[in-house]
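Shown below: start.txt, with compact mmCIF, C-alpha atoms.
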```
# COMPACT_ATOMS: atom_id res chain seq x y z
CA MET H 29 12.75 -53.45 -10.07
CA LYS H 30 10.89 -51.64 -7.31
CA LEU H 31 11.68 -52.37 -3.67
CA GLY H 32 8.98 -54.63 -2.25
CA ARG H 33 7.65 -55.24 1.21
CA LEU H 34 10.12 -56.54 3.76
CA ASN H 35 8.16 -59.75 4.27
CA HIS H 36 10.31 -61.25 7.03
CA ILE H 37 13.69 -61.50 8.57
CA GLY H 38 14.97 -65.04 8.97
CA VAL H 39 16.31 -65.86 12.42
CA ALA H 40 18.15 -69.13 12.88
CA THR H 41 17.68 -70.94 16.17
CA PRO H 42 18.89 -74.21 17.66
CA SER H 43 15.37 -74.69 19.06
CA ILE H 44 12.11 -73.26 17.78
CA ALA H 45 10.51 -74.26 21.07
CA ASP H 46 13.02 -72.15 23.02
CA SER H 47 12.60 -69.27 20.58
CA VAL H 48 8.81 -69.37 20.84
CA ALA H 49 9.11 -69.20 24.64
CA TYR H 50 11.58 -66.30 24.28
CA TYR H 51 9.36 -64.29 21.91
CA CYS H 52 6.33 -64.81 24.17
CA GLU H 53 7.89 -64.35 27.59
CA VAL H 54 10.71 -61.87 26.92
CA MET H 55 9.43 -59.92 23.90
CA GLY H 56 5.70 -60.14 24.54
CA ALA H 57 4.61 -61.73 21.25
CA SER H 58 0.98 -62.82 21.13
CA ASP H 59 0.73 -64.41 17.68
CA ILE H 60 3.15 -67.12 16.59
CA THR H 61 2.20 -69.65 13.93
CA GLU H 62 2.44 -73.42 14.43
CA PRO H 63 5.85 -74.79 13.39
CA PHE H 64 5.98 -76.96 10.28
CA ASP H 65 8.64 -78.84 8.35
CA LEU H 66 10.09 -77.58 5.08
CA PRO H 67 12.32 -80.56 4.25
CA GLU H 68 13.08 -79.24 0.75
CA GLN H 69 14.89 -76.32 2.42
CA GLY H 70 16.23 -78.38 5.31
CA VAL H 71 14.44 -76.39 8.00
CA LYS H 72 11.57 -76.36 10.46
CA VAL H 73 9.77 -73.03 10.34
CA CYS H 74 7.33 -70.82 12.19
CA PHE H 75 6.50 -67.11 12.08
CA VAL H 76 6.24 -64.47 14.78
CA ASN H 77 3.71 -61.86 13.68
CA THR H 78 4.57 -58.27 14.57
CA PRO H 79 2.19 -55.34 14.88
CA THR H 80 1.59 -52.28 12.76
CA ASP H 81 -1.00 -49.56 13.31
CA SER H 82 -3.55 -51.73 11.51
CA GLY H 83 -2.98 -55.20 12.97
CA LEU H 84 -0.44 -58.00 13.30
CA ASN H 85 0.60 -57.57 9.67
CA GLY H 86 4.12 -56.21 10.07
CA THR H 87 7.39 -57.72 8.92
CA GLN H 88 7.50 -61.22 10.34
CA ILE H 89 10.25 -62.98 12.23
CA GLU H 90 10.78 -66.32 10.50
CA LEU H 91 12.23 -68.78 13.00
CA ILE H 92 14.24 -71.53 11.33
CA GLU H 93 15.64 -74.63 13.02
CA PRO H 94 17.65 -77.33 11.24
CA PHE H 95 15.48 -80.13 9.88
CA ASP H 96 18.31 -82.66 9.94
CA GLU H 97 22.09 -83.01 9.82
CA SER H 98 22.28 -81.84 6.23
CA SER H 99 20.45 -78.59 6.88
CA PRO H 100 22.01 -75.55 5.17
CA ILE H 101 21.73 -73.59 8.42
CA ASN H 102 23.91 -75.98 10.45
CA GLY H 103 27.02 -74.04 9.41
CA PHE H 104 25.48 -70.78 10.61
CA LEU H 105 24.55 -72.34 13.96
CA ALA H 106 28.03 -73.83 14.37
CA LYS H 107 29.36 -70.26 14.18
CA ASN H 108 26.43 -68.77 16.14
CA PRO H 109 25.33 -71.41 18.67
CA ALA H 110 22.65 -69.18 20.20
CA GLY H 111 21.21 -68.44 16.76
CA GLY H 112 20.82 -65.02 15.18
CA GLN H 113 19.82 -63.03 12.14
CA HIS H 114 20.23 -65.27 9.10
CA HIS H 115 18.56 -63.63 6.09
CA VAL H 116 16.20 -60.90 4.89
CA CYS H 117 13.24 -61.51 2.57
CA TYR H 118 11.67 -58.97 0.22
CA GLU H 119 8.50 -59.45 -1.81
CA VAL H 120 8.24 -58.96 -5.56
CA ALA H 121 5.20 -58.99 -7.84
CA ASP H 122 6.76 -61.36 -10.41
CA ILE H 123 9.45 -63.85 -9.42
CA GLU H 124 10.66 -64.54 -12.97
CA LYS H 125 11.12 -60.87 -13.75
CA ALA H 126 13.00 -60.46 -10.46
CA ARG H 127 15.25 -63.41 -11.30
CA GLU H 128 16.05 -61.85 -14.67
CA HIS H 129 16.76 -58.51 -12.98
CA PHE H 130 19.31 -59.97 -10.56
CA GLU H 131 20.86 -62.19 -13.24
CA SER H 132 21.30 -59.18 -15.51
CA LEU H 133 23.25 -57.50 -12.70
CA GLY H 134 25.52 -60.53 -12.34
CA LYS H 135 24.20 -61.41 -8.86
CA ARG H 136 24.70 -65.05 -7.91
CA ILE H 137 21.38 -66.87 -7.41
CA LEU H 138 21.59 -69.88 -5.11
CA GLY H 139 19.79 -72.71 -6.86
CA PRO H 140 16.49 -72.86 -8.70
CA THR H 141 13.33 -70.95 -7.97
CA ARG H 142 11.34 -73.10 -5.54
CA THR H 143 8.35 -72.93 -3.22
CA GLY H 144 8.99 -71.09 0.04
CA ALA H 145 7.45 -71.10 3.49
CA HIS H 146 4.52 -68.92 2.38
CA GLY H 147 3.70 -71.25 -0.52
CA THR H 148 4.88 -68.85 -3.23
CA PRO H 149 8.00 -69.05 -5.44
CA ILE H 150 11.27 -67.88 -3.89
CA PHE H 151 14.99 -67.81 -4.53
CA PHE H 152 18.05 -66.77 -2.55
CA LEU H 153 20.91 -64.46 -3.53
CA HIS H 154 24.53 -64.83 -2.40
CA PRO H 155 25.37 -62.57 0.55
CA LYS H 156 28.71 -61.59 -1.01
CA ASP H 157 26.81 -59.97 -3.88
CA MET H 158 24.22 -58.35 -1.56
CA MET H 159 26.26 -56.16 0.81
CA GLY H 160 26.77 -59.07 3.21
CA GLN H 161 23.14 -60.10 3.49
CA LEU H 162 21.76 -63.47 2.45
CA THR H 163 18.70 -62.20 0.59
CA GLU H 164 15.52 -64.11 -0.19
CA ILE H 165 13.17 -62.86 -2.89
CA MET H 166 9.59 -64.14 -2.70
CA GLU H 167 6.56 -63.58 -4.86
CA THR H 168 3.82 -61.77 -2.97
CA PRO H 169 0.98 -64.13 -2.00
CA LYS H 170 -1.94 -63.45 -4.33
CA GLU H 171 -4.43 -62.87 -1.56
CA GLY H 172 -4.75 -62.83 2.19
CA SER H 173 -1.97 -63.42 4.65
CA HIS H 174 1.65 -62.54 4.10
CA MET P 17 5.41 -56.26 27.90
CA LYS P 18 3.65 -56.46 24.56
CA LEU P 19 5.64 -56.98 21.35
CA GLY P 20 5.94 -53.64 19.55
CA ARG P 21 6.43 -52.66 15.96
CA LEU P 22 9.62 -53.88 14.31
CA ASN P 23 10.87 -50.37 13.67
CA HIS P 24 14.03 -51.24 11.78
CA ILE P 25 16.77 -53.70 11.21
CA GLY P 26 20.25 -52.29 11.57
CA VAL P 27 22.61 -53.12 8.72
CA ALA P 28 26.28 -52.30 9.13
CA THR P 29 28.16 -51.13 6.05
CA PRO P 30 31.70 -49.99 5.33
CA SER P 31 30.19 -47.26 3.12
CA ILE P 32 26.74 -45.68 3.34
CA ALA P 33 27.32 -44.22 -0.13
CA ASP P 34 27.88 -47.70 -1.58
CA SER P 35 24.87 -49.07 0.31
CA VAL P 36 22.61 -46.26 -0.91
CA ALA P 37 23.66 -47.03 -4.49
CA TYR P 38 23.02 -50.74 -3.84
CA TYR P 39 19.52 -50.21 -2.39
CA CYS P 40 18.58 -47.91 -5.27
CA GLU P 41 20.13 -49.75 -8.21
CA VAL P 42 19.92 -53.39 -7.12
CA MET P 43 16.91 -53.46 -4.79
CA GLY P 44 14.88 -50.64 -6.35
CA ALA P 45 14.49 -48.41 -3.29
CA SER P 46 12.96 -45.01 -3.99
CA ASP P 47 13.06 -43.36 -0.57
CA ILE P 48 16.29 -43.17 1.42
CA THR P 49 16.83 -40.46 4.02
CA GLU P 50 19.85 -38.15 4.05
CA PRO P 51 22.75 -39.59 6.08
CA PHE P 52 23.60 -37.86 9.36
CA ASP P 53 26.16 -38.31 12.12
CA LEU P 54 25.31 -39.83 15.47
CA PRO P 55 28.68 -39.35 17.19
CA GLU P 56 27.26 -40.36 20.59
CA GLN P 57 26.73 -43.84 19.14
CA GLY P 58 29.82 -43.79 16.96
CA VAL P 59 27.93 -44.14 13.68
CA LYS P 60 26.74 -42.34 10.58
CA VAL P 61 23.14 -43.27 9.83
CA CYS P 62 20.48 -43.20 7.17
CA PHE P 63 17.22 -45.07 6.62
CA VAL P 64 15.83 -46.99 3.65
CA ASN P 65 12.05 -46.77 3.75
CA THR P 66 10.21 -49.93 2.71
CA PRO P 67 6.63 -50.20 1.43
CA THR P 68 3.46 -51.58 2.96
CA ASP P 69 -0.01 -51.58 1.44
CA SER P 70 -0.49 -48.05 2.77
CA GLY P 71 2.77 -46.30 1.91
CA LEU P 72 6.51 -46.30 2.58
CA ASN P 73 5.91 -46.94 6.28
CA GLY P 74 7.26 -50.47 6.65
CA THR P 75 10.10 -51.70 8.79
CA GLN P 76 13.10 -49.58 7.86
CA ILE P 77 16.62 -50.63 6.97
CA GLU P 78 18.94 -48.56 9.14
CA LEU P 79 22.30 -48.25 7.42
CA ILE P 80 25.14 -47.66 9.87
CA GLU P 81 28.72 -46.78 8.97
CA PRO P 82 31.50 -46.24 11.52
CA PHE P 83 31.81 -42.59 12.59
CA ASP P 84 35.46 -42.96 13.58
CA GLU P 85 38.08 -45.46 14.71
CA SER P 86 36.41 -45.97 18.08
CA SER P 87 33.05 -46.92 16.59
CA PRO P 88 31.37 -49.89 18.29
CA ILE P 89 30.62 -51.39 14.86
CA ASN P 90 34.27 -51.61 13.77
CA GLY P 91 34.55 -55.07 15.33
CA PHE P 92 31.52 -56.28 13.42
CA LEU P 93 32.94 -54.93 10.13
CA ALA P 94 36.33 -56.52 10.82
CA LYS P 95 34.52 -59.88 10.93
CA ASN P 96 32.10 -58.97 8.11
CA PRO P 97 34.00 -56.69 5.71
CA ALA P 98 31.07 -56.42 3.28
CA GLY P 99 28.72 -55.46 6.13
CA GLY P 100 25.57 -57.30 7.14
CA GLN P 101 22.68 -57.55 9.55
CA HIS P 102 23.76 -55.99 12.84
CA HIS P 103 20.73 -55.52 15.11
CA VAL P 104 16.94 -55.52 15.31
CA CYS P 105 14.91 -52.67 16.85
CA TYR P 106 11.46 -52.95 18.39
CA GLU P 107 9.27 -50.09 19.55
CA VAL P 108 7.77 -49.79 23.03
CA ALA P 109 5.29 -47.29 24.41
CA ASP P 110 7.32 -46.54 27.57
CA ILE P 111 11.09 -46.93 27.60
CA GLU P 112 11.43 -46.93 31.40
CA LYS P 113 8.86 -49.68 31.84
CA ALA P 114 10.60 -51.70 29.13
CA ARG P 115 13.94 -51.24 30.87
CA GLU P 116 12.44 -52.48 34.13
CA HIS P 117 10.91 -55.46 32.31
CA PHE P 118 14.21 -56.62 30.82
CA GLU P 119 16.10 -55.92 34.05
CA SER P 120 13.60 -58.03 36.00
CA LEU P 121 14.34 -60.90 33.61
CA GLY P 122 18.08 -60.54 34.21
CA LYS P 123 18.80 -59.40 30.65
CA ARG P 124 22.02 -57.41 30.29
CA ILE P 125 21.38 -53.83 29.15
CA LEU P 126 24.30 -52.22 27.34
CA GLY P 127 24.76 -48.79 28.89
CA PRO P 128 22.31 -46.07 29.82
CA THR P 129 19.11 -45.14 28.07
CA ARG P 130 20.04 -42.53 25.48
CA THR P 131 18.65 -40.72 22.44
CA GLY P 132 18.57 -42.81 19.26
CA ALA P 133 18.49 -42.08 15.55
CA HIS P 134 14.76 -41.29 15.61
CA GLY P 135 15.18 -38.79 18.45
CA THR P 136 13.48 -40.96 21.07
CA PRO P 137 15.01 -42.84 24.04
CA ILE P 138 16.64 -46.18 23.25
CA PHE P 139 18.77 -48.87 24.84
CA PHE P 140 20.46 -52.03 23.62
CA LEU P 141 20.34 -55.56 25.04
CA HIS P 142 23.17 -58.09 24.95
CA PRO P 143 22.84 -60.57 22.06
CA LYS P 144 23.83 -63.47 24.32
CA ASP P 145 20.69 -62.84 26.38
CA MET P 146 18.47 -62.34 23.30
CA MET P 147 18.80 -65.56 21.29
CA GLY P 148 21.85 -64.25 19.47
CA GLN P 149 20.38 -60.94 18.36
CA LEU P 150 21.71 -57.55 19.41
CA THR P 151 18.35 -55.95 20.24
CA GLU P 152 17.52 -52.25 20.38
CA ILE P 153 14.44 -51.07 22.22
CA MET P 154 13.15 -47.63 21.24
CA GLU P 155 10.27 -45.54 22.47
CA THR P 156 7.70 -44.98 19.71
CA PRO P 157 7.88 -41.44 18.33
CA LYS P 158 4.94 -39.47 19.68
CA GLU P 159 3.67 -38.36 16.30
CA GLY P 160 4.44 -38.61 12.62
CA SER P 161 7.27 -40.52 11.06
CA HIS P 162 8.75 -43.70 12.42
```

Please lay out the structure from this file as structure tokens.
Amino acid sequence: MKLGRLNHIGVATPSIADSVAYYCEVMGASDITEPFDLPEQGVKVCFVNTPTDSGLNGTQIELIEPFDESSPINGFLAKNPAGGQHHVCYEVADIEKAREHFESLGKRILGPTRTGAHGTPIFFLHPKDMMGQLTEIMETPKEGSH
Amino acid sequence: MKLGRLNHIGVATPSIADSVAYYCEVMGASDITEPFDLPEQGVKVCFVNTPTDSGLNGTQIELIEPFDESSPINGFLAKNPAGGQHHVCYEVADIEKAREHFESLGKRILGPTRTGAHGTPIFFLHPKDMMGQLTEIMETPKEGSH
């Protein structure tokens, strides 16, 4: 496998509204997507777009807020009430090949391959097998926005 | 202030050698810089370069290992023995203006402005004032590599 683009870092927050205000007022962000629900993953989501030399196409900040009481990020927020860095997400060209790669290395994959926040297939890997980082692998969107 | 490039995410590790092997063998990285000591900050450092459409110029993974027993990241590793996401670093055009900006908002700055791993001035902001994220602000290198 070849290292793919660092698509986003996932940042858990108790309040997307507070985080959006923070990224605008404190960090100077100018492009934040509208929040939407991802009930399958138990989160509400939006993206802060960051700049590169050629536009606002850098690694995104994915803000995630619990969707309900059964959200998988409630445990993280109980330990980190202000929120914080939750996961990293790398792109791959072919999700099935990537899944086989990590399986062949004995890495624990957390659940089935499913559709992620960018509408492409994703899966997560156990942080204990990934140098302490909860790691999301996503298939690169076929065209247009990341 | 305008949101700058997400220069790197800092990932603490008990062993840069183990992390380099992990990024090469598990994640497929092809470009990792030589580790060097940054005793002023109490860490050994190297960078994993990640791809974009135009080269290996994406947001970097900064691997940091304790330099000695007084390293500021020893506490983090005591809580996270396998390592993990430690900080985020955004670029700014002018470090002094950025410092004034965060000071005017009452954000706690951790120590003086000093020289960071890329050879430009940096400072850190308290995670409790930054939505749970230890945040590094660095002046963009004047030319060439990030």

Just the residues within 8 Å of stretch 109-119 of chain H, please, counting all atoms listed in the file, with nothing from its chain fewer than 2 positions along; format it as an MDAnalysis selection string.
-> (chainID H and resid 31:42 104:107 121 161:168) or (chainID P and resid 101 144 147:149)

So how many Å separate atom CA of H:Ser132 and atom CA of H:Met158, to one decimal?
->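 These atoms are spaced 14.3 Å apart.
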
List every protein, DNA or RNA residue that has an atom no more than 12 Å from (1.7, -71.8, -1.0) in the file's coordinate frame, counting all atoms listed in the file, and report them as a PDB file with C-alpha atoms, in the frame of the given file.
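As written to disk, part-v6.pdb reads:
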```pdb
ATOM      1  CA  LEU H  66      10.090 -77.580   5.080  1.00  0.00           C
ATOM      2  CA  ARG H 142      11.340 -73.100  -5.540  1.00  0.00           C
ATOM      3  CA  THR H 143       8.350 -72.930  -3.220  1.00  0.00           C
ATOM      4  CA  GLY H 144       8.990 -71.090   0.040  1.00  0.00           C
ATOM      5  CA  ALA H 145       7.450 -71.100   3.490  1.00  0.00           C
ATOM      6  CA  HIS H 146       4.520 -68.920   2.380  1.00  0.00           C
ATOM      7  CA  GLY H 147       3.700 -71.250  -0.520  1.00  0.00           C
ATOM      8  CA  THR H 148       4.880 -68.850  -3.230  1.00  0.00           C
ATOM      9  CA  PRO H 149       8.000 -69.050  -5.440  1.00  0.00           C
ATOM     10  CA  ILE H 150      11.270 -67.880  -3.890  1.00  0.00           C
ATOM     11  CA  MET H 166       9.590 -64.140  -2.700  1.00  0.00           C
ATOM     12  CA  GLU H 167       6.560 -63.580  -4.860  1.00  0.00           C
ATOM     13  CA  THR H 168       3.820 -61.770  -2.970  1.00  0.00           C
ATOM     14  CA  PRO H 169       0.980 -64.130  -2.000  1.00  0.00           C
ATOM     15  CA  LYS H 170      -1.940 -63.450  -4.330  1.00  0.00           C
ATOM     16  CA  GLU H 171      -4.430 -62.870  -1.560  1.00  0.00           C
ATOM     17  CA  GLY H 172      -4.750 -62.830   2.190  1.00  0.00           C
ATOM     18  CA  SER H 173      -1.970 -63.420   4.650  1.00  0.00           C
ATOM     19  CA  HIS H 174       1.650 -62.540   4.100  1.00  0.00           C
TER      20      HIS H 174
END
```

Smallest atom-to-atom distance to P:Leu79: which of P:Gly127, P:Gly58, P:Pro67, P:Pro51, using only C-alpha atoms?
->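 Looking at the shortest contact to P:Leu79, the residue is P:Pro51.
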
For the point (20.6, -59.0, -7.6) in the file's frame, write as an mmCIF file with C-alpha atoms, keeping the file's coordinate frame all residues with an atom no more than 12 Å away, counting only C-alpha atoms.
```cif
data_model
loop_
_atom_site.group_PDB
_atom_site.id
_atom_site.type_symbol
_atom_site.label_atom_id
_atom_site.label_comp_id
_atom_site.auth_asym_id
_atom_site.auth_seq_id
_atom_site.Cartn_x
_atom_site.Cartn_y
_atom_site.Cartn_z
ATOM 1 C CA MET H 29 12.750 -53.450 -10.070
ATOM 2 C CA LEU H 31 11.680 -52.370 -3.670
ATOM 3 C CA TYR H 118 11.670 -58.970 0.220
ATOM 4 C CA LYS H 125 11.120 -60.870 -13.750
ATOM 5 C CA ALA H 126 13.000 -60.460 -10.460
ATOM 6 C CA ARG H 127 15.250 -63.410 -11.300
ATOM 7 C CA GLU H 128 16.050 -61.850 -14.670
ATOM 8 C CA HIS H 129 16.760 -58.510 -12.980
ATOM 9 C CA PHE H 130 19.310 -59.970 -10.560
ATOM 10 C CA GLU H 131 20.860 -62.190 -13.240
ATOM 11 C CA SER H 132 21.300 -59.180 -15.510
ATOM 12 C CA LEU H 133 23.250 -57.500 -12.700
ATOM 13 C CA GLY H 134 25.520 -60.530 -12.340
ATOM 14 C CA LYS H 135 24.200 -61.410 -8.860
ATOM 15 C CA ARG H 136 24.700 -65.050 -7.910
ATOM 16 C CA ILE H 137 21.380 -66.870 -7.410
ATOM 17 C CA LEU H 138 21.590 -69.880 -5.110
ATOM 18 C CA PHE H 151 14.990 -67.810 -4.530
ATOM 19 C CA PHE H 152 18.050 -66.770 -2.550
ATOM 20 C CA LEU H 153 20.910 -64.460 -3.530
ATOM 21 C CA HIS H 154 24.530 -64.830 -2.400
ATOM 22 C CA PRO H 155 25.370 -62.570 0.550
ATOM 23 C CA LYS H 156 28.710 -61.590 -1.010
ATOM 24 C CA ASP H 157 26.810 -59.970 -3.880
ATOM 25 C CA MET H 158 24.220 -58.350 -1.560
ATOM 26 C CA MET H 159 26.260 -56.160 0.810
ATOM 27 C CA GLN H 161 23.140 -60.100 3.490
ATOM 28 C CA LEU H 162 21.760 -63.470 2.450
ATOM 29 C CA THR H 163 18.700 -62.200 0.590
ATOM 30 C CA GLU H 164 15.520 -64.110 -0.190
ATOM 31 C CA ILE H 165 13.170 -62.860 -2.890
ATOM 32 C CA TYR P 38 23.020 -50.740 -3.840
ATOM 33 C CA TYR P 39 19.520 -50.210 -2.390
ATOM 34 C CA CYS P 40 18.580 -47.910 -5.270
ATOM 35 C CA GLU P 41 20.130 -49.750 -8.210
ATOM 36 C CA VAL P 42 19.920 -53.390 -7.120
ATOM 37 C CA MET P 43 16.910 -53.460 -4.790
ATOM 38 C CA GLY P 44 14.880 -50.640 -6.350
#
```

Axis-aligned box over every listed atom of stretch 133-141 of chain P, padded by 5 Å per side: centre and edges in Å to one decimal, as lines of an AutoDock Vina configuration file?
```
center_x = 17.0
center_y = -47.2
center_z = 20.3
size_x = 17.0
size_y = 26.8
size_z = 19.5
```

Select, from H:Ser43, H:Thr141, H:Thr78, H:Asn85, the residue with the minimum atom-to-atom distance to chain P, counting all atoms listed in the file.
->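 Comparing H:Ser43, H:Thr141, H:Thr78, H:Asn85 against chain P, the winner is H:Thr78.
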
For each of P:Pro88, P:Phe52, P:Ser70, P:Phe83, take the minimum atom-to-atom distance to chain H, counting only C-alpha atoms, then give the residue where this is smallest.
->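 Ranking P:Pro88, P:Phe52, P:Ser70, P:Phe83 by distance to chain H, first place goes to P:Ser70.
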
Using only C-alpha atoms, find the one residue out of H:Ala49, H:Ile44, H:Ala57, H:Ile101 that sits nearest to chain P.
-> H:Ala57

So how far away is atom CA of H:Ile60 from atom CA of H:Ser98, in Å?
->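 About the pair atom CA of H:Ser98 and atom CA of H:Ile60: they are 26.3 Å apart.
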
Which residue gives the smallest distance to chain P among H:Ile92, H:Glu124, H:Leu84, H:Lys72, with only C-alpha atoms counted?
->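 Of all the options, H:Leu84 lies closest to chain P.
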
Point-to-point distance from atom CA of H:Glu68 to atom CA of H:Gly103, Å rounded to tenths |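 Computing it gives 17.2 Å between the two atoms.
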
Looking at P:Cys62, P:Gln57, P:Pro82, P:Thr75, which one is nearest to chain H, with distances taken over only C-alpha atoms?
->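 Of P:Cys62, P:Gln57, P:Pro82, P:Thr75, the one nearest chain H, counting only C-alpha atoms, is P:Thr75.
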
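Residues within 6 Å of P:Phe63, counting only C-alpha atoms and excluding same-chain residues fewer than 2 positions away, are P:Ile48, P:Thr49, P:Ile77, P:Glu78.
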